[in-house]
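The structure appears below as structure tokens.
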Amino acid sequence: MQARSISDIMRELESLVSIELYATRAIRGESLLVSALREGQLNIYLYSDGTLTRVNRGIVSNYTVKTYNPSRVVIARDVAKGRELHKLYIVDLDEPGVEKPVEDMEPLRVLGLVDTGDMIVFSGATMQGNGLYITDGSETRKVKDLPGFAMVTDSDGRHAVGVGALDPLQPSMFQLFLVDLETGDMKVHKPREGSVFHARITSRGIVYVNARSEDSKLMLLDPGSMEARELELPYSDLSEYKPVMITYLDEAPDGRLVVVAGRDGRSRVFVDGKSIPGPEGLYASALLDGDRVIATYTSLRTPTRVIEISSGETRVVLAGRTPDWLEQALSGIDYVYVDSFDGERVPTFILYSGRTGRPGPTVVLVHGGPFAADMDAWSVMAASLAILGFHVVMPNYRGSVGYGERWRNKIIGDVCGGELEDVVSAARWASDNGVANRLYIMGYSYGGFMTMCALTRKPGVFKAGVAGASVVDWVEMYELSDAAFRSFIDMLFPGMKEERKTRSPISYVDNLQEPLCIIHPQNDSRTPLKPVLRFMMEALEKGKRYEAHIIPDMGHAVNTVDDIVKILLPAILFLKRLEESQEG
Ligand code: 4NP
């Protein structure tokens, strides 16, 4: 590793986390509505004539806006110092910066948020239950208790649709629910195979994504019979492409259907089924403005930005400035399938650092979720490790999304099992293939859990680990969780109470050998601190080596540049110190 001083590293980290990131969310007349990591936090802006006008004032935990000609934005904001109890605020887009609170709602964990223009329909959880709510801004009422881990995804003011793991007997299946907002009557649609995601109410009817074992399809649901058939589109590119993941689904005012679909961590935009050519990478959203497509584009080496695609030409609309050393520091990307213990193959991204040799020190960076994925998309964590001089290996262990329902479902009932083998297999692959000479592991949330699992169940594989917002004890975590996350844990451990203990790192503190860096938000309500403190006490009594960084006034969500730094800095100093003691 090139010798660089702490102050050099701090300066580079500072410029890395300050790179502005832009995503497009709506079109309003001549303006674009964008979200941006800018001015130190995630904000919403109106963009026109080269000028950004900020819409929100405080922190944005979550928000919703109609995609075409919206008159307002609805913001969900944590009001409990990071505990993820949200209240709603409405901003009229004619009066940017003026937030009107929805007064009569109790704070809850908002998991689904939709604005019809007149009504806000939202779903969220308290300790007691998960519910579907409707408000006009002054009067809020609960329409329906929601079973299981479920959230609203769309509404036309009369009905709400949503998705959820509604049936405890089929924990791996996300189903569609349709609720009459007047009467609260709920109907459920179970797909013939696989799961339902992204249910939307369009002019064609209810359209949803049916993720199946090996592919994804668009389906059209008849709300009368609750039967679905495959949606037909004017062009056949999308169906011929046979997408494995469909990550975005929206209808333009003229009825054209905009879809982002992909596989292997990369995607493209389809309009009415026709493929829109653009640079290789990942698209997060897309809007239509006549013949122009305005899209959010990113790759592992390209910070998230807004681009325009028009007659085959691509133009950058809004992008942050990148430091000139970045391109050389992030020197390349690989994507491989790693053989795991049972013959399965683990899709894995590698971001190569230009600041070390091959082989060089390597961090296996494990994503959270577990229903998420590492893709060819900007990751400030991966990029910071690479500028520090570590190659970064990112395995999409079983349980990851984007590889079909078969792969996602394999983690259910086998937590800290096959997926840990996948992570370890990716580490061994890196050693055996000239990438890694020393291996570290790091992750946040479910990725922090994987770090804890690796160090307690697979000692000897990694030199050290960084566990951010980790899970160490599913038993105590269940007791501390709200209704939605209790359902989530039930889904991961279907009918398996004993395993909550046997699959918890706190049951294996004795095995801990390598240095551990614990980083944990004090007010985390998703992965609470309390079990981690018990883990630390036990590790202390057993003479284990660890350091711990408890971050006050912060919860699970990372909303500001300061939050990113609070999480990243201890990790970076820990890894750098260890790596320096290994050299020479
Ligand atoms: P994350 O981790 O999704 O990566 O933030 C988890 C947090 C909570 C639960 C599972 C994973 N849970 O089951 O409560």
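In the structure tokens, each chain is lettered A, B, ... as it comes, each chain's residues begin at 1, and ligands are numbered from 1 in order of appearance.
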
Env. residues ligand 1 / 9 Å / only C-alpha atoms and all ligand atoms / as a ChimeraX atom specification: /A:367-372,443-449,469-471,474,477-478,481-482,484-492,525-528,556-557

All strand (DSSP E) positions in region 123-322 of chain A, as a PyMOL selection string: chain A and resi 123-125+130-135+140-146+149-155+159-165+175-180+186-189+195-202+205-211+216-222+227-230+245-251+257-263+266-271+274-276+282-289+292-299+302-310+313-318

Excluding Pro552 (chain A) and any residue of its chain fewer than 3 positions from it, enumerate the residues within 10 Å of it, using only C-alpha atoms, and give them as a PDB file with N, CA and C atoms, in the first residue's frame.
ATOM      1  N   LYS A  81     -34.931  11.145  16.979  1.00  0.00           N
ATOM      2  CA  LYS A  81     -33.467  11.057  17.039  1.00  0.00           C
ATOM      3  C   LYS A  81     -32.916   9.771  16.427  1.00  0.00           C
ATOM      4  N   GLY A  82     -33.498   9.372  15.325  1.00  0.00           N
ATOM      5  CA  GLY A  82     -32.977   8.209  14.613  1.00  0.00           C
ATOM      6  C   GLY A  82     -33.733   6.916  14.867  1.00  0.00           C
ATOM      7  N   HIS A 520     -21.821   1.266  16.074  1.00  0.00           N
ATOM      8  CA  HIS A 520     -23.265   1.086  16.236  1.00  0.00           C
ATOM      9  C   HIS A 520     -23.971   2.394  16.587  1.00  0.00           C
ATOM     10  N   PRO A 521     -25.008   2.758  15.826  1.00  0.00           N
ATOM     11  CA  PRO A 521     -25.802   3.935  16.198  1.00  0.00           C
ATOM     12  C   PRO A 521     -26.531   3.659  17.519  1.00  0.00           C
ATOM     13  N   GLN A 522     -26.480   4.636  18.434  1.00  0.00           N
ATOM     14  CA  GLN A 522     -27.074   4.413  19.753  1.00  0.00           C
ATOM     15  C   GLN A 522     -28.589   4.230  19.678  1.00  0.00           C
ATOM     16  N   ASN A 523     -29.244   4.955  18.770  1.00  0.00           N
ATOM     17  CA  ASN A 523     -30.714   4.943  18.740  1.00  0.00           C
ATOM     18  C   ASN A 523     -31.277   4.022  17.662  1.00  0.00           C
ATOM     19  N   ASP A 524     -30.482   3.068  17.239  1.00  0.00           N
ATOM     20  CA  ASP A 524     -30.927   2.156  16.185  1.00  0.00           C
ATOM     21  C   ASP A 524     -32.129   1.343  16.666  1.00  0.00           C
ATOM     22  N   HIS A 549     -17.463   1.754  18.816  1.00  0.00           N
ATOM     23  CA  HIS A 549     -17.786   3.160  18.575  1.00  0.00           C
ATOM     24  C   HIS A 549     -19.299   3.294  18.568  1.00  0.00           C
ATOM     25  N   GLY A 555     -29.659   6.872  14.294  1.00  0.00           N
ATOM     26  CA  GLY A 555     -30.333   5.591  14.199  1.00  0.00           C
ATOM     27  C   GLY A 555     -29.787   4.775  13.038  1.00  0.00           C
ATOM     28  N   LYS A 566     -19.373   9.402  10.293  1.00  0.00           N
ATOM     29  CA  LYS A 566     -19.370   8.788  11.631  1.00  0.00           C
ATOM     30  C   LYS A 566     -19.257   7.264  11.550  1.00  0.00           C
TER      31      LYS A 566
END

Interatomic distance, CA of Cys453 (chain A) to CA of Phe493 (chain A) (Å, one decimal): 16.3 Å

Closest-contact table, region 7-50 of chain A side, partner region 312-317 of chain A, 10 Å, counting only C-alpha atoms, as a tab-separated table:
residue	atom	partner	partner_atom	distance
A:Tyr22	CA	A:Val317	CA	9.6
A:Thr24	CA	A:Val317	CA	9.9
A:Gly50	CA	A:Val317	CA	9.3

Per-residue DSSP, region 306-525 of chain A, filtered to helix (DSSP H, G or I), as a ChimeraX atom specification: /A:326-329,380-388,405-409,418-432,446-457,474-480,483-492,497-502,505-511

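Taking CA of Arg321 (chain A) as the reference point, CA of Arg28 (chain A) is found at 25.6 Å.
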
Separation of CA of Gly290 (chain A) from CA of Val244 (chain A), in Å and rounded to one decimal: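 Between CA of Gly290 (chain A) and CA of Val244 (chain A) the gap is 28.4 Å.
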
Who sits within 7 Å of Val338 (chain A), only C-alpha atoms, same chain under 4 positions skipped, as a VMD selection string: chain A and resid 345 to 348 425 to 426 429

Could you turn the residues from that selection into a file that holds N, CA, C and O atoms, as an mmCIF file, in the first residue's frame?
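Final output, result19.cif:
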data_model
loop_
_atom_site.group_PDB
_atom_site.id
_atom_site.type_symbol
_atom_site.label_atom_id
_atom_site.label_comp_id
_atom_site.auth_asym_id
_atom_site.auth_seq_id
_atom_site.Cartn_x
_atom_site.Cartn_y
_atom_site.Cartn_z
ATOM 1 N N ARG A 345 -23.382 -21.038 -7.324
ATOM 2 C CA ARG A 345 -22.393 -20.050 -7.747
ATOM 3 C C ARG A 345 -22.842 -18.669 -7.289
ATOM 4 O O ARG A 345 -24.011 -18.309 -7.467
ATOM 5 N N VAL A 346 -21.914 -17.937 -6.698
ATOM 6 C CA VAL A 346 -22.239 -16.681 -6.033
ATOM 7 C C VAL A 346 -21.801 -15.504 -6.905
ATOM 8 O O VAL A 346 -20.596 -15.266 -7.083
ATOM 9 N N PRO A 347 -22.759 -14.745 -7.453
ATOM 10 C CA PRO A 347 -22.385 -13.583 -8.261
ATOM 11 C C PRO A 347 -21.671 -12.546 -7.396
ATOM 12 O O PRO A 347 -22.167 -12.188 -6.325
ATOM 13 N N THR A 348 -20.518 -12.089 -7.849
ATOM 14 C CA THR A 348 -19.668 -11.252 -6.996
ATOM 15 C C THR A 348 -19.053 -10.119 -7.813
ATOM 16 O O THR A 348 -18.459 -10.360 -8.864
ATOM 17 N N SER A 425 -16.681 -18.224 0.656
ATOM 18 C CA SER A 425 -16.226 -18.703 -0.657
ATOM 19 C C SER A 425 -15.698 -17.547 -1.507
ATOM 20 O O SER A 425 -14.701 -17.702 -2.228
ATOM 21 N N ALA A 426 -16.357 -16.402 -1.422
ATOM 22 C CA ALA A 426 -15.896 -15.230 -2.180
ATOM 23 C C ALA A 426 -14.529 -14.781 -1.666
ATOM 24 O O ALA A 426 -13.654 -14.394 -2.451
ATOM 25 N N TRP A 429 -12.012 -17.247 -2.962
ATOM 26 C CA TRP A 429 -11.822 -16.991 -4.396
ATOM 27 C C TRP A 429 -10.808 -15.862 -4.582
ATOM 28 O O TRP A 429 -9.900 -15.946 -5.429
#

For Glu251 (chain A): contacts at 9 Å, only C-alpha atoms, fewer than 3 positions along chain excluded, given as a ChimeraX atom specification: /A:67,200,202-203,254-259,287

Residues from the last selection, C-alpha atoms, saved as a short mmCIF file (atom, residue, chain, number, x, y, z; two decimals), in the first residue's frame:
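Everything below was put into out.cif:
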data_model
loop_
_atom_site.label_atom_id
_atom_site.label_comp_id
_atom_site.auth_asym_id
_atom_site.auth_seq_id
_atom_site.Cartn_x
_atom_site.Cartn_y
_atom_site.Cartn_z
CA THR A 67 -43.96 11.46 -11.28
CA ARG A 200 -49.08 -0.11 -9.50
CA THR A 202 -52.23 2.28 -14.19
CA SER A 203 -54.66 3.18 -16.97
CA ASP A 254 -49.84 9.41 -22.32
CA GLY A 255 -50.03 5.81 -21.09
CA ARG A 256 -46.53 4.69 -22.09
CA LEU A 257 -45.12 2.27 -19.56
CA VAL A 258 -41.59 2.93 -18.34
CA VAL A 259 -39.70 -0.02 -16.94
CA LEU A 287 -39.12 9.66 -16.86
#

Non-local contacts of Lys217 (chain A) (9 Å; only C-alpha atoms; under 4 positions in same chain excluded) as a PyMOL selection string: chain A and resi 208-212+230-231+239+242-246

From A:Pro303, A:Met537, A:Val73, A:Val466, residue lying nearest Asp118 (chain A) [only C-alpha atoms]: A:Val73

Best match for closeness to Glu479 (chain A) among A:Phe270, A:Arg4, A:Tyr440, A:Met127, counting only C-alpha atoms: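 Smallest distance to Glu479 (chain A) is found for A:Met127.
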
For region 97-110 of chain A: contacts at 7 Å, only C-alpha atoms, fewer than 4 positions along chain excluded, given as a VMD selection string: chain A and resid 54 to 57 84 to 91 122 to 126 137 to 140
